[in-house]
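Reproduced below: work16.txt, with compact mmCIF, C-alpha atoms.
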```
# COMPACT_ATOMS: atom_id res chain seq x y z
CA MET A 1 1.50 -23.02 -18.87
CA SER A 2 1.59 -22.98 -15.08
CA ALA A 3 0.45 -19.98 -13.04
CA PHE A 4 4.02 -19.62 -11.77
CA VAL A 5 5.45 -19.30 -15.28
CA LEU A 6 2.64 -16.95 -16.34
CA LEU A 7 3.18 -14.63 -13.39
CA LEU A 8 6.97 -14.71 -13.62
CA HIS A 9 6.81 -13.91 -17.32
CA LYS A 10 4.35 -11.11 -16.58
CA ASP A 11 6.56 -9.65 -13.82
CA LEU A 12 9.71 -9.68 -15.97
CA ARG A 13 7.82 -8.16 -18.90
CA LEU A 14 6.45 -5.40 -16.67
CA GLU A 15 9.93 -4.65 -15.32
CA ALA A 16 11.38 -4.58 -18.83
CA ARG A 17 8.72 -2.08 -19.92
CA GLY A 18 8.00 -0.10 -16.78
CA ARG A 19 11.55 -0.13 -15.39
CA ASP A 20 10.19 0.31 -11.89
CA LEU A 21 13.09 -1.26 -10.05
CA LEU A 22 16.24 -1.91 -12.06
CA PRO A 23 17.39 1.58 -13.10
CA SER A 24 17.08 3.15 -9.63
CA MET A 25 18.66 0.12 -7.97
CA ALA A 26 21.55 0.08 -10.46
CA VAL A 27 22.22 3.80 -10.06
CA LEU A 28 22.23 3.51 -6.27
CA ALA A 29 24.55 0.50 -6.38
CA LEU A 30 27.02 2.20 -8.72
CA LEU A 31 26.92 5.37 -6.63
CA LEU A 32 27.65 3.52 -3.39
CA LEU A 33 30.54 1.62 -4.97
CA ALA A 34 31.94 4.76 -6.60
CA LEU A 35 31.82 6.56 -3.24
CA GLY A 36 33.65 3.66 -1.62
CA GLY A 37 36.31 3.81 -4.31
CA ALA A 38 36.60 7.61 -4.06
CA ALA A 39 37.03 7.36 -0.30
CA GLY A 40 40.10 5.25 -0.91
CA LEU A 41 38.75 2.06 0.60
CA GLY A 42 41.08 -0.73 -0.39
CA GLY A 43 40.40 -4.21 -1.68
CA GLU A 44 40.02 -5.50 1.87
CA ALA A 45 36.85 -3.47 2.26
CA ALA A 46 35.45 -4.66 -1.07
CA PRO A 47 33.41 -7.64 0.24
CA ALA A 48 31.71 -5.53 2.89
CA VAL A 49 31.01 -2.70 0.45
CA LEU A 50 29.65 -5.19 -2.09
CA TRP A 51 27.15 -6.77 0.30
CA ILE A 52 26.14 -3.50 1.93
CA THR A 53 25.45 -2.21 -1.57
CA VAL A 54 23.43 -5.29 -2.53
CA ALA A 55 21.43 -5.25 0.72
CA VAL A 56 20.64 -1.52 0.59
CA THR A 57 19.65 -1.52 -3.07
CA ALA A 58 17.58 -4.69 -2.62
CA ALA A 59 15.74 -3.08 0.32
CA GLY A 60 14.93 -0.05 -1.82
CA GLY A 61 13.75 -2.09 -4.79
CA LEU A 62 11.86 -4.86 -3.06
CA ALA A 63 9.75 -2.31 -1.18
CA ARG A 64 8.20 -1.36 -4.51
CA SER A 65 7.99 -4.81 -6.04
CA PHE A 66 4.31 -5.31 -5.16
CA HIS A 67 3.26 -1.88 -6.37
CA GLN A 68 2.23 -3.31 -9.72
CA GLU A 69 -0.02 -5.82 -7.93
CA THR A 70 -1.80 -3.24 -5.82
CA ASP A 71 -2.19 0.01 -7.77
CA GLN A 72 -5.26 -1.39 -9.56
CA ASP A 73 -6.05 -4.21 -7.10
CA GLN A 74 -4.49 -6.80 -9.41
CA LEU A 75 -3.72 -8.98 -6.40
CA LEU A 76 -7.43 -9.17 -5.72
CA ALA A 77 -8.06 -10.34 -9.27
CA LEU A 78 -5.40 -13.05 -8.88
CA ARG A 79 -7.15 -14.24 -5.72
CA LEU A 80 -10.48 -14.32 -7.52
CA ALA A 81 -8.82 -16.47 -10.16
CA ALA A 82 -7.90 -18.79 -7.26
CA VAL A 83 -4.17 -18.47 -7.91
CA ASP A 84 -2.39 -20.08 -4.96
CA PRO A 85 -0.89 -17.28 -2.80
CA ALA A 86 2.31 -19.34 -2.53
CA VAL A 87 2.59 -19.25 -6.33
CA ILE A 88 2.09 -15.46 -6.32
CA TYR A 89 4.94 -15.18 -3.80
CA LEU A 90 7.26 -17.59 -5.60
CA ALA A 91 6.77 -15.92 -8.98
CA LYS A 92 7.39 -12.48 -7.49
CA ALA A 93 10.46 -13.74 -5.61
CA ALA A 94 11.85 -15.31 -8.79
CA ALA A 95 11.37 -12.06 -10.71
CA ASN A 96 12.99 -10.11 -7.87
CA PHE A 97 15.87 -12.58 -7.87
CA VAL A 98 16.52 -11.83 -11.54
CA VAL A 99 16.41 -8.07 -10.95
CA VAL A 100 18.68 -8.16 -7.88
CA GLY A 101 20.96 -10.59 -9.72
CA VAL A 102 21.39 -8.14 -12.60
CA VAL A 103 22.18 -5.34 -10.12
CA GLU A 104 24.69 -7.65 -8.45
CA LEU A 105 26.47 -8.35 -11.73
CA LEU A 106 26.72 -4.61 -12.39
CA ALA A 107 27.99 -4.12 -8.84
CA LEU A 108 30.67 -6.77 -9.35
CA ALA A 109 31.85 -5.03 -12.52
CA ALA A 110 31.94 -1.71 -10.65
CA LEU A 111 33.77 -3.36 -7.77
CA ALA A 112 36.49 -4.51 -10.14
CA VAL A 113 36.85 -0.95 -11.47
CA PHE A 114 36.64 1.05 -8.23
CA PHE A 115 38.36 -1.40 -5.87
CA ASN A 116 40.72 -3.08 -8.29
CA VAL A 117 39.74 -6.60 -7.18
CA ARG A 118 39.77 -9.75 -9.29
CA LEU A 119 37.44 -12.72 -9.45
CA PRO A 120 38.22 -15.16 -6.61
CA ALA A 121 40.23 -18.27 -7.42
CA GLN A 122 37.23 -20.47 -6.54
CA PRO A 123 34.58 -19.13 -8.96
CA LEU A 124 32.06 -21.88 -8.24
CA ALA A 125 32.15 -21.27 -4.50
CA PHE A 126 31.90 -17.53 -5.16
CA ALA A 127 28.92 -18.09 -7.46
CA ALA A 128 27.27 -20.18 -4.73
CA VAL A 129 27.79 -17.38 -2.19
CA LEU A 130 26.28 -14.85 -4.58
CA LEU A 131 23.38 -17.15 -5.41
CA LEU A 132 22.49 -18.03 -1.84
CA GLY A 133 23.17 -14.53 -0.49
CA THR A 134 20.81 -13.10 -3.09
CA ALA A 135 18.22 -15.81 -2.45
CA SER A 136 18.32 -15.02 1.28
CA LEU A 137 17.80 -11.31 0.75
CA VAL A 138 15.14 -11.78 -1.94
CA GLY A 139 13.29 -14.58 -0.12
CA LEU A 140 12.83 -12.48 2.99
CA GLY A 141 12.54 -9.16 1.15
CA THR A 142 9.74 -10.37 -1.12
CA LEU A 143 7.75 -11.55 1.88
CA LEU A 144 8.23 -8.18 3.58
CA GLY A 145 7.37 -6.42 0.31
CA GLY A 146 4.05 -8.25 0.25
CA MET A 147 3.37 -7.43 3.89
CA LEU A 148 4.19 -3.75 3.34
CA ALA A 149 2.39 -3.46 -0.01
CA ALA A 150 -0.50 -1.52 1.48
CA ALA A 151 1.66 0.57 3.83
CA ARG A 152 2.06 4.21 2.92
CA ALA A 153 5.62 4.37 4.29
CA ARG A 154 6.72 1.04 2.82
CA GLU A 155 9.94 2.41 1.32
CA ALA A 156 10.98 3.77 4.72
CA LEU A 157 9.90 0.65 6.59
CA MET A 158 11.54 -1.92 4.32
CA PRO A 159 15.20 -1.15 5.20
CA VAL A 160 14.27 -0.89 8.87
CA LEU A 161 12.84 -4.40 8.74
CA LEU A 162 14.91 -6.16 6.10
CA LEU A 163 18.42 -5.09 7.02
CA PRO A 164 18.37 -6.25 10.67
CA LEU A 165 16.45 -9.44 9.88
CA ALA A 166 18.77 -10.32 6.99
CA ALA A 167 21.91 -9.38 8.94
CA PRO A 168 22.97 -12.99 9.60
CA ALA A 169 22.81 -13.78 5.88
CA VAL A 170 24.59 -10.55 4.86
CA MET A 171 27.32 -11.17 7.43
CA ALA A 172 27.80 -14.76 6.28
CA ALA A 173 27.92 -13.68 2.64
CA THR A 174 30.41 -10.92 3.47
CA GLY A 175 32.65 -13.28 5.47
CA ALA A 176 32.60 -15.90 2.72
CA THR A 177 33.30 -13.33 0.00
CA ALA A 178 36.22 -11.90 2.00
CA ARG A 179 37.73 -15.33 2.47
CA LEU A 180 37.33 -16.22 -1.21
CA MET A 181 38.78 -12.89 -2.36
CA SER A 182 41.79 -13.26 -0.07
CA GLY A 183 42.34 -16.70 -1.53
CA GLY A 184 42.10 -18.79 1.60
CA GLY A 185 40.00 -21.44 3.23
CA SER A 186 36.72 -23.22 2.93
CA VAL A 187 33.41 -21.34 3.01
CA SER A 188 31.20 -24.37 3.54
CA ALA A 189 30.00 -23.15 6.96
CA GLU A 190 28.85 -19.83 5.48
CA LEU A 191 27.24 -21.61 2.53
CA GLY A 192 25.37 -23.86 4.93
CA LEU A 193 24.10 -20.89 6.88
CA LEU A 194 23.06 -19.07 3.70
CA LEU A 195 21.28 -22.15 2.40
CA ALA A 196 19.41 -22.57 5.68
CA PHE A 197 18.51 -18.87 5.79
CA ALA A 198 17.19 -18.85 2.23
CA ALA A 199 15.29 -22.11 2.70
CA VAL A 200 13.66 -20.98 5.95
CA SER A 201 12.74 -17.56 4.49
CA VAL A 202 11.12 -19.05 1.40
CA ALA A 203 9.40 -21.86 3.31
CA ALA A 204 8.00 -19.42 5.89
CA ALA A 205 6.79 -17.10 3.15
CA VAL A 206 5.08 -19.94 1.28
CA LEU A 207 3.29 -20.92 4.48
CA VAL A 208 2.13 -17.45 5.52
CA PHE A 209 1.59 -15.66 2.22
CA GLU A 210 -2.08 -16.59 2.17
CA HIS A 211 -2.51 -14.38 5.24
CA VAL A 212 -0.38 -11.64 3.69
CA VAL A 213 -2.68 -11.32 0.68
CA GLU A 214 -5.84 -11.44 2.81
CA GLU A 215 -7.40 -8.01 2.94
CA MET B 1 -26.11 -23.65 -17.04
CA SER B 2 -26.90 -25.22 -13.68
CA GLY B 3 -29.41 -23.19 -11.76
CA GLU B 4 -27.62 -23.45 -8.44
CA THR B 5 -24.06 -22.55 -9.33
CA GLY B 6 -24.48 -18.77 -9.27
CA ARG B 7 -26.96 -18.38 -6.43
CA LEU B 8 -25.56 -15.85 -3.97
CA GLU B 9 -26.81 -15.75 -0.39
CA LEU B 10 -25.70 -13.32 2.27
CA ARG B 11 -27.03 -13.89 5.79
CA GLY B 12 -26.48 -11.46 8.65
CA VAL B 13 -23.25 -10.01 7.28
CA TRP B 14 -21.35 -7.48 9.37
CA LYS B 15 -18.14 -5.69 8.43
CA SER B 16 -16.24 -2.89 10.18
CA PHE B 17 -13.14 -0.95 9.25
CA GLY B 18 -11.22 0.60 12.12
CA GLY B 19 -14.12 0.02 14.48
CA ARG B 20 -16.56 1.79 12.14
CA PRO B 21 -19.37 -0.50 10.95
CA VAL B 22 -19.67 -0.44 7.17
CA LEU B 23 -22.10 -3.34 6.78
CA ARG B 24 -24.71 -4.07 9.45
CA ASP B 25 -26.61 -7.31 9.43
CA VAL B 26 -27.00 -7.40 5.65
CA SER B 27 -28.96 -10.27 4.14
CA LEU B 28 -29.81 -10.66 0.49
CA THR B 29 -30.12 -13.29 -2.20
CA VAL B 30 -29.37 -13.15 -5.92
CA ASP B 31 -30.86 -16.06 -7.81
CA PRO B 32 -29.58 -17.38 -11.14
CA GLY B 33 -31.19 -15.55 -14.03
CA ARG B 34 -31.91 -12.47 -11.88
CA VAL B 35 -30.38 -9.02 -11.78
CA VAL B 36 -30.44 -7.34 -8.38
CA ALA B 37 -29.62 -3.64 -8.18
CA LEU B 38 -27.81 -2.47 -5.08
CA LEU B 39 -28.76 1.14 -4.59
CA GLY B 40 -27.50 3.73 -2.17
CA PRO B 41 -25.58 6.95 -1.83
CA ASN B 42 -21.79 7.20 -1.68
CA GLY B 43 -20.50 5.59 1.50
CA ALA B 44 -23.56 3.37 1.94
CA GLY B 45 -21.38 0.26 1.83
CA LYS B 46 -22.13 -0.95 -1.71
CA SER B 47 -18.51 -1.52 -2.78
CA THR B 48 -17.65 -3.25 0.49
CA LEU B 49 -20.69 -5.48 0.11
CA LEU B 50 -19.55 -6.53 -3.37
CA ARG B 51 -16.05 -7.36 -2.13
CA VAL B 52 -17.44 -9.32 0.79
CA ALA B 53 -19.77 -11.14 -1.59
CA ALA B 54 -16.78 -11.95 -3.81
CA GLY B 55 -14.97 -13.45 -0.83
CA VAL B 56 -11.97 -11.13 -1.17
CA THR B 57 -12.85 -9.11 1.92
CA ARG B 58 -13.59 -11.19 4.98
CA ALA B 59 -16.82 -10.45 6.83
CA ASP B 60 -16.61 -10.00 10.60
CA ARG B 61 -19.82 -11.98 11.04
CA GLY B 62 -22.38 -13.67 8.86
CA GLU B 63 -22.51 -16.18 6.10
CA ILE B 64 -21.80 -15.79 2.40
CA ARG B 65 -22.66 -18.72 0.17
CA LEU B 66 -22.32 -19.22 -3.55
CA GLY B 67 -24.07 -22.13 -5.19
CA GLY B 68 -24.81 -23.59 -1.79
CA GLY B 69 -21.23 -23.52 -0.45
CA PRO B 70 -18.97 -20.98 1.24
CA VAL B 71 -17.62 -18.30 -1.06
CA SER B 72 -14.24 -18.60 0.68
CA ASP B 73 -13.70 -21.83 -1.26
CA PRO B 74 -11.26 -20.91 -4.10
CA GLY B 75 -13.11 -23.15 -6.56
CA ARG B 76 -16.33 -21.22 -5.97
CA ARG B 77 -14.53 -17.89 -6.09
CA ARG B 78 -13.42 -18.67 -9.64
CA ARG B 79 -17.07 -18.57 -10.70
CA ILE B 80 -17.30 -14.88 -9.79
CA GLY B 81 -16.71 -12.01 -12.18
CA LEU B 82 -16.03 -8.74 -10.37
CA VAL B 83 -15.80 -5.28 -11.87
CA GLY B 84 -14.83 -2.70 -9.29
CA HIS B 85 -13.62 0.88 -9.12
CA THR B 86 -10.11 -0.26 -9.99
CA SER B 87 -9.41 -1.97 -13.29
CA PHE B 88 -7.42 -5.04 -12.08
CA LEU B 89 -5.31 -4.48 -15.22
CA TYR B 90 -1.55 -4.15 -15.63
CA ALA B 91 -0.77 -0.72 -17.05
CA PHE B 92 2.36 -1.74 -18.94
CA LEU B 93 0.76 -4.77 -20.59
CA THR B 94 -1.25 -4.33 -23.75
CA VAL B 95 -4.99 -4.91 -23.89
CA ALA B 96 -4.51 -8.34 -25.50
CA GLU B 97 -1.72 -9.32 -23.09
CA ASN B 98 -3.91 -8.48 -20.09
CA LEU B 99 -6.81 -10.52 -21.42
CA ARG B 100 -4.55 -13.42 -22.41
CA LEU B 101 -2.97 -13.48 -18.95
CA TYR B 102 -6.34 -13.72 -17.20
CA ALA B 103 -7.66 -16.16 -19.79
CA ARG B 104 -4.73 -18.50 -19.12
CA LEU B 105 -5.12 -18.18 -15.35
CA TYR B 106 -8.76 -19.21 -15.76
CA GLY B 107 -7.97 -21.89 -18.33
CA VAL B 108 -10.07 -20.08 -20.93
CA ASP B 109 -9.52 -20.82 -24.62
CA ALA B 110 -7.47 -18.17 -26.46
CA ARG B 111 -10.26 -17.87 -29.04
CA ARG B 112 -12.46 -16.28 -26.40
CA VAL B 113 -9.92 -13.49 -26.04
CA GLU B 114 -10.22 -12.73 -29.72
CA GLU B 115 -14.02 -12.88 -29.57
CA SER B 116 -13.99 -10.62 -26.55
CA LEU B 117 -11.71 -8.06 -28.21
CA THR B 118 -14.10 -7.88 -31.15
CA ALA B 119 -17.25 -7.83 -29.04
CA TRP B 120 -16.06 -4.93 -26.89
CA GLY B 121 -14.72 -2.87 -29.81
CA LEU B 122 -11.15 -3.35 -28.66
CA ALA B 123 -9.68 -5.07 -31.73
CA ASP B 124 -8.06 -1.85 -32.97
CA HIS B 125 -6.56 -1.24 -29.53
CA ARG B 126 -5.35 -4.74 -28.81
CA ASP B 127 -1.65 -3.84 -28.93
CA ARG B 128 -1.90 -0.62 -26.95
CA PRO B 129 -0.67 -0.62 -23.34
CA VAL B 130 -3.55 -0.15 -20.94
CA ARG B 131 -1.88 2.96 -19.49
CA GLU B 132 -2.48 4.72 -22.82
CA LEU B 133 -6.22 4.01 -22.87
CA SER B 134 -8.97 6.45 -21.96
CA ARG B 135 -11.15 5.80 -18.92
CA GLY B 136 -13.91 4.42 -21.13
CA PHE B 137 -11.70 1.97 -23.00
CA THR B 138 -10.08 0.85 -19.75
CA GLN B 139 -13.56 0.10 -18.43
CA ARG B 140 -14.32 -1.93 -21.56
CA VAL B 141 -11.19 -4.01 -20.96
CA SER B 142 -12.17 -4.47 -17.30
CA LEU B 143 -15.59 -5.73 -18.33
CA ALA B 144 -14.11 -8.00 -20.99
CA ARG B 145 -11.69 -9.41 -18.39
CA ALA B 146 -14.45 -10.08 -15.87
CA LEU B 147 -16.62 -11.85 -18.43
CA LEU B 148 -13.85 -13.99 -19.97
CA PRO B 149 -14.39 -17.01 -17.70
CA GLN B 150 -18.18 -16.79 -18.19
CA PRO B 151 -18.82 -16.32 -14.48
CA ALA B 152 -21.89 -17.79 -12.80
CA LEU B 153 -22.14 -14.70 -10.59
CA LEU B 154 -21.34 -11.22 -11.82
CA LEU B 155 -20.66 -8.45 -9.30
CA LEU B 156 -20.61 -5.02 -10.93
CA ASP B 157 -19.72 -1.79 -9.17
CA GLU B 158 -20.91 1.20 -11.22
CA PRO B 159 -20.06 -0.63 -14.47
CA PHE B 160 -21.36 2.11 -16.79
CA THR B 161 -18.88 4.68 -15.47
CA GLY B 162 -16.87 6.12 -18.34
CA LEU B 163 -18.58 4.11 -21.05
CA ASP B 164 -19.80 5.87 -24.18
CA ALA B 165 -23.23 5.17 -25.69
CA GLU B 166 -21.98 2.32 -27.89
CA ALA B 167 -20.20 0.50 -25.07
CA SER B 168 -23.13 1.11 -22.71
CA ALA B 169 -25.50 -0.44 -25.23
CA HIS B 170 -23.16 -3.41 -25.57
CA LEU B 171 -23.00 -3.85 -21.80
CA ARG B 172 -26.78 -3.72 -21.53
CA ALA B 173 -27.09 -6.35 -24.24
CA ARG B 174 -24.47 -8.54 -22.56
CA LEU B 175 -26.21 -8.27 -19.19
CA ALA B 176 -29.51 -9.24 -20.77
CA ALA B 177 -27.87 -12.23 -22.48
CA LEU B 178 -26.13 -13.29 -19.26
CA ARG B 179 -29.38 -13.08 -17.32
CA ALA B 180 -31.14 -15.13 -19.99
CA ASP B 181 -28.31 -17.66 -19.71
CA GLY B 182 -29.01 -18.11 -16.01
CA ARG B 183 -26.22 -15.98 -14.54
CA ALA B 184 -26.82 -14.15 -11.30
CA ILE B 185 -25.95 -10.46 -11.38
CA LEU B 186 -25.56 -7.99 -8.52
CA LEU B 187 -25.26 -4.45 -9.82
CA ALA B 188 -24.21 -1.62 -7.50
CA THR B 189 -25.25 1.74 -8.78
CA HIS B 190 -26.57 5.10 -7.76
CA ALA B 191 -28.15 5.62 -11.16
CA TRP B 192 -31.81 4.84 -10.57
CA GLU B 193 -32.58 4.64 -14.28
CA GLU B 194 -30.05 1.85 -14.74
CA ALA B 195 -31.60 -0.10 -11.89
CA HIS B 196 -35.09 0.49 -13.17
CA ASP B 197 -34.22 -0.61 -16.72
CA LEU B 198 -31.89 -3.52 -16.02
CA ALA B 199 -32.74 -5.09 -12.70
CA ASP B 200 -35.45 -7.45 -11.56
CA ASP B 201 -35.11 -6.55 -7.90
CA ALA B 202 -33.61 -3.65 -6.00
CA VAL B 203 -32.04 -3.41 -2.56
CA GLY B 204 -31.52 -0.02 -0.95
CA LEU B 205 -28.49 0.28 1.31
CA VAL B 206 -28.25 3.16 3.78
CA ASP B 207 -25.41 3.42 6.31
CA GLY B 208 -24.57 -0.22 5.76
CA ARG B 209 -28.08 -1.49 6.44
CA VAL B 210 -30.65 -2.82 4.02
CA ALA B 211 -33.19 -0.03 4.26
CA ARG B 212 -35.56 -1.15 1.53
CA ARG B 213 -36.03 -3.93 -0.96
CA GLY B 214 -38.51 -4.70 -3.70
CA ARG B 215 -39.13 -4.86 -7.42
CA ALA B 216 -36.85 -2.67 -9.51
CA ALA B 217 -39.74 -1.86 -11.84
CA ALA B 218 -41.44 -0.14 -8.92
CA LEU B 219 -38.65 2.42 -8.59
CA ASP B 220 -40.06 5.92 -8.80
CA LEU B 221 -37.67 7.74 -11.11
CA ALA B 222 -39.31 11.08 -10.34
CA SER B 223 -38.40 10.91 -6.66
CA SER B 224 -35.09 11.99 -5.21
CA ALA B 225 -32.70 9.37 -3.92
CA ALA B 226 -33.30 10.50 -0.37
CA ASP B 227 -36.98 9.72 -0.26
CA GLN B 228 -36.91 6.85 -2.73
CA THR B 229 -38.97 3.85 -1.74
CA VAL B 230 -38.14 0.51 -3.24
```

Would you write out, as structure tokens, the structure that this file holds?
Amino acid sequence: MSAFVLLLHKDLRLEARGRDLLPSMAVLALLLLALGGAAGLGGEAAPAVLWITVAVTAAGGLARSFHQETDQDQLLALRLAAVDPAVIYLAKAAANFVVVGVVELLALAALAVFFNVRLPAQPLAFAAVLLLGTASLVGLGTLLGGMLAAARAREALMPVLLLPLAAPAVMAATGATARLMSGGGSVSAELGLLLAFAAVSVAAAVLVFEHVVEE
Amino acid sequence: MSGETGRLELRGVWKSFGGRPVLRDVSLTVDPGRVVALLGPNGAGKSTLLRVAAGVTRADRGEIRLGGGPVSDPGRRRRIGLVGHTSFLYAFLTVAENLRLYARLYGVDARRVEESLTAWGLADHRDRPVRELSRGFTQRVSLARALLPQPALLLLDEPFTGLDAEASAHLRARLAALRADGRAILLATHAWEEAHDLADDAVGLVDGRVARRGRAAALDLASSAADQTV
């Protein structure tokens, strides 16, 4: 079994047992969407509320995603075992993708309830927007999570760093979602931007993560 | 095993944190089949020295070689077993899951996990999450994890902490067997009796400098740490 599969399996198992990220992220997402619904925001605001919710909850969760690698210096043990730092990053990003993806599915269900919106007529394009939007946020957020792992104020710093840096991806995802929900037009430009953002984030992280895990 | 693979050499190693020197021009050698005790009070730099020797903390200056090559080489780093103040274990994984994870990362046969669980008296606790273990049992798992890949060099930071008499006896026996098998062992401790009983050589570290070095058997157990001469 490859180190990537071992670490991904370990991360998902730890999340399933420790529930470090998912419950708090899900509660925050549902709360934000419920507040939006209670404030009387209509369906037109739904795409923006959805992506603000995903970005804010991802920032909160990803800040803690390396806690389980640092509380007992586990990252150091992985380095002693000569696990490629890029593999450590990719496995953590994949696990984070699953967690944020689950939160996103819950958020979509809540969006349907609180904002009375329906699935867009182009489900494949919508799925691609969700996939690439999440990959953009998670790709960058996991790198920042690793960089902030040793910082005492990591949960305060993460939104300050992630939200402005990921703004182009969040804006593209919001624009594409709005267009798909209103039933009009192609979103290929936004998908291209999201794909480029995710690819650059992941590629940059793979290249620099060795320095991130250096003490 | 090959006599050269576990030989640790530190030459003129310096390390500072925040401008404060923690290691100052430290040089020492641990040969295969030898146990070297690293003695010194709290804050002397023992733990930092072990991490620098393991290649997981980068020295500001100096040379660290394992088996004749730089310890920064990942392939060489895999030959090191390190037991530190933290356990390196995942709290929400069971004892067996932790050991299996590290065994697979090192490419170690699953049978060794079972042997290790039995040897360290952990068989009855194999399915307990590490977070539910006492300090002593956690330390047993840490030691079992470090020894799984049969490291050529073993770096131990206060390894007897938290162990009961049975586990301490087992660790002593394991260290003796590892030494006989040609492994190099660097043991940081402030327990002079441990150094006297287990080590061949002793190095005294004070304020990050090697203050004294000599035969561990020559340690004067009646003297206080402050005026100890090695």

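Shell of Leu143 (chain A) at 8 Å, with all atoms listed in the file counted and residues fewer than 6 places along the chain excluded, is Tyr89, Ala205 and Phe209 of chain A.
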
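CA of Arg154 (chain A) sits 28.1 Å away from CA of Tyr102 (chain B).
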
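For the choices A:Leu6, A:Leu105, A:Ala46, A:Met158, the atom-to-atom distance to chain B is smallest for A:Leu6 when using all atoms listed in the file.
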
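All chain A residues having an atom within 7 Å of chain B, based on only C-alpha atoms, amount to Ala3, Leu14, Arg17, Gly18, Gln72, Asp73, Gln74, Leu76, Ala77, Leu80, Ala81, Ala82 and Glu215 of chain A.
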
Give me, as a PDB file with C-alpha atoms, in the frame of the given file, all polymer residues having an atom no more than 12 Å from region 199-202 of chain A, counting only C-alpha atoms and skipping those fewer than 2 positions away in the same chain.
```
ATOM      1  CA  ALA A  86       2.310 -19.340  -2.530  1.00  0.00           C
ATOM      2  CA  VAL A  87       2.590 -19.250  -6.330  1.00  0.00           C
ATOM      3  CA  TYR A  89       4.940 -15.180  -3.800  1.00  0.00           C
ATOM      4  CA  LEU A  90       7.260 -17.590  -5.600  1.00  0.00           C
ATOM      5  CA  ALA A  91       6.770 -15.920  -8.980  1.00  0.00           C
ATOM      6  CA  LYS A  92       7.390 -12.480  -7.490  1.00  0.00           C
ATOM      7  CA  ALA A  93      10.460 -13.740  -5.610  1.00  0.00           C
ATOM      8  CA  ALA A  94      11.850 -15.310  -8.790  1.00  0.00           C
ATOM      9  CA  LEU A 132      22.490 -18.030  -1.840  1.00  0.00           C
ATOM     10  CA  GLY A 133      23.170 -14.530  -0.490  1.00  0.00           C
ATOM     11  CA  THR A 134      20.810 -13.100  -3.090  1.00  0.00           C
ATOM     12  CA  ALA A 135      18.220 -15.810  -2.450  1.00  0.00           C
ATOM     13  CA  SER A 136      18.320 -15.020   1.280  1.00  0.00           C
ATOM     14  CA  LEU A 137      17.800 -11.310   0.750  1.00  0.00           C
ATOM     15  CA  VAL A 138      15.140 -11.780  -1.940  1.00  0.00           C
ATOM     16  CA  GLY A 139      13.290 -14.580  -0.120  1.00  0.00           C
ATOM     17  CA  LEU A 140      12.830 -12.480   2.990  1.00  0.00           C
ATOM     18  CA  GLY A 141      12.540  -9.160   1.150  1.00  0.00           C
ATOM     19  CA  THR A 142       9.740 -10.370  -1.120  1.00  0.00           C
ATOM     20  CA  LEU A 143       7.750 -11.550   1.880  1.00  0.00           C
ATOM     21  CA  LEU A 144       8.230  -8.180   3.580  1.00  0.00           C
ATOM     22  CA  LEU A 162      14.910  -6.160   6.100  1.00  0.00           C
ATOM     23  CA  LEU A 165      16.450  -9.440   9.880  1.00  0.00           C
ATOM     24  CA  ALA A 166      18.770 -10.320   6.990  1.00  0.00           C
ATOM     25  CA  ALA A 169      22.810 -13.780   5.880  1.00  0.00           C
ATOM     26  CA  LEU A 191      27.240 -21.610   2.530  1.00  0.00           C
ATOM     27  CA  GLY A 192      25.370 -23.860   4.930  1.00  0.00           C
ATOM     28  CA  LEU A 193      24.100 -20.890   6.880  1.00  0.00           C
ATOM     29  CA  LEU A 194      23.060 -19.070   3.700  1.00  0.00           C
ATOM     30  CA  LEU A 195      21.280 -22.150   2.400  1.00  0.00           C
ATOM     31  CA  ALA A 196      19.410 -22.570   5.680  1.00  0.00           C
ATOM     32  CA  PHE A 197      18.510 -18.870   5.790  1.00  0.00           C
ATOM     33  CA  ALA A 204       8.000 -19.420   5.890  1.00  0.00           C
ATOM     34  CA  ALA A 205       6.790 -17.100   3.150  1.00  0.00           C
ATOM     35  CA  VAL A 206       5.080 -19.940   1.280  1.00  0.00           C
ATOM     36  CA  LEU A 207       3.290 -20.920   4.480  1.00  0.00           C
ATOM     37  CA  VAL A 208       2.130 -17.450   5.520  1.00  0.00           C
ATOM     38  CA  PHE A 209       1.590 -15.660   2.220  1.00  0.00           C
TER      39      PHE A 209
END
```

Please, which residues in region 123-228 of chain B fall within 7 Å of region 33-49 of chain B when counting all atoms listed in the file, and what is the closest atom pair and distance in Å to one decimal for each, ordered by chain then residue number, as CSV?
```
residue,atom,partner,partner_atom,distance
B:Asp157,CA,B:Ser47,CA,6.5
B:Arg179,CA,B:Gly33,CA,4.5
B:Ala180,CA,B:Gly33,CA,6.0
B:Asp181,CA,B:Gly33,CA,6.7
B:Gly182,CA,B:Gly33,CA,3.9
B:Arg183,CA,B:Gly33,CA,5.0
B:Ala184,CA,B:Gly33,CA,5.3
B:Ile185,CA,B:Val35,CA,4.7
B:Leu186,CA,B:Val36,CA,4.9
B:Leu187,CA,B:Ala37,CA,4.7
B:Ala188,CA,B:Leu38,CA,4.4
B:Thr189,CA,B:Leu39,CA,5.5
B:His190,CA,B:Leu39,CA,5.5
B:Ala195,CA,B:Ala37,CA,5.5
B:Ala199,CA,B:Val35,CA,4.7
B:Asp200,CA,B:Val35,CA,5.3
B:Asp201,CA,B:Val36,CA,4.8
B:Ala202,CA,B:Ala37,CA,4.5
B:Val203,CA,B:Leu38,CA,5.0
B:Gly204,CA,B:Leu39,CA,4.7
B:Leu205,CA,B:Gly40,CA,5.0
B:Val206,CA,B:Ala44,CA,5.0
B:Asp207,CA,B:Ala44,CA,4.7
B:Gly208,CA,B:Gly45,CA,5.1
```
